Amino acid sequence: MSAPATEERDPGLQPERTRLAWRRTTLSGTVSAVLAVKTALHGGPSASGIVACALACVLWLGFLLLAHRRIRALATAGIPAAIAPRHATTAVLCTVALAVCGAALVF
């Protein structure tokens, strides 16, 4: 016999694992942004290096904002709301664009 739909679901450790995953991703984005700044300024600042560095910092700040909002949502009691598709898409685009900026500065 199936359980009634009104019964509260026990999330277990899943919200905590998800919060930790957001924090790990934010940390890796932070490292990427710092390395981008270091690489851009290593041989003396150039116009393209400064633009890529500024873009990497803006992307990192955008992802940091989204991650912080999601971590706060997961920390609330009860079942957290699903992430909005536009927020998920923005997080993915920030992550990919940050990786592209880092690769552009290396090459």
# chains A, B, ... in the order shown; residues from 1 in each chain; ligands from 1
>>> residues_around(residues="stretch 61-67 of chain A", least_positions_apart="2", cutoff="7 Å", atoms="only C-alpha atoms", output="JSON, numbers by chain")
{"A": [22, 26, 57, 58, 59, 69, 70, 71, 87, 91, 94]}
>>> write_last_selection(atoms="N, CA and C atoms", output="compact mmCIF listing (two decimals), in the first residue's frame")
# COMPACT_ATOMS: atom_id res chain seq x y z
N TRP A 22 27.19 23.26 -3.96
CA TRP A 22 27.17 24.67 -4.35
C TRP A 22 28.41 25.38 -3.81
N THR A 26 31.39 27.11 -5.95
CA THR A 26 31.74 28.51 -5.72
C THR A 26 33.23 28.65 -5.43
N CYS A 57 35.71 38.38 -13.28
CA CYS A 57 35.25 38.82 -11.95
C CYS A 57 33.75 39.04 -11.92
N VAL A 58 33.19 39.61 -12.97
CA VAL A 58 31.73 39.82 -13.04
C VAL A 58 31.00 38.49 -13.07
N LEU A 59 31.52 37.55 -13.86
CA LEU A 59 30.91 36.22 -13.92
C LEU A 59 30.98 35.52 -12.57
N ARG A 69 22.00 32.52 -2.96
CA ARG A 69 20.54 32.44 -2.90
C ARG A 69 20.09 30.99 -2.78
N ARG A 70 20.73 30.11 -3.54
CA ARG A 70 20.33 28.70 -3.50
C ARG A 70 20.70 28.05 -2.17
N ILE A 71 21.86 28.39 -1.63
CA ILE A 71 22.27 27.84 -0.34
C ILE A 71 21.30 28.28 0.75
N HIS A 87 17.47 30.60 -13.26
CA HIS A 87 18.60 30.66 -12.35
C HIS A 87 19.59 29.53 -12.64
N ALA A 91 23.40 30.06 -13.88
CA ALA A 91 24.54 29.45 -13.17
C ALA A 91 25.42 28.66 -14.13
N CYS A 94 27.30 31.15 -16.42
CA CYS A 94 28.40 31.80 -15.68
C CYS A 94 29.58 30.86 -15.53
>>> select_by_dssp(residues="chain A", states="alpha helix (DSSP H)", output="VMD selection string")
chain A and resid 14 to 42 47 to 75 85 to 106
>>> closest_residue(among="A:Ser48, A:Ser32, A:Ala75, A:Gly43", to="A:Val96", atoms="only C-alpha atoms")
A:Ser32
>>> atom_distance(atom1="atom CA of A:Cys53", atom2="atom CA of A:Thr95")
14.7 Å
>>> closest_residue(among="A:Cys101, A:Val92, A:Leu74, A:Ala54", to="A:Thr25", atoms="only C-alpha atoms")
A:Val92
>>> closest_residue(among="A:Gly78, A:Thr39, A:Trp60, A:Gly12", to="A:Leu27", atoms="only C-alpha atoms")
A:Trp60
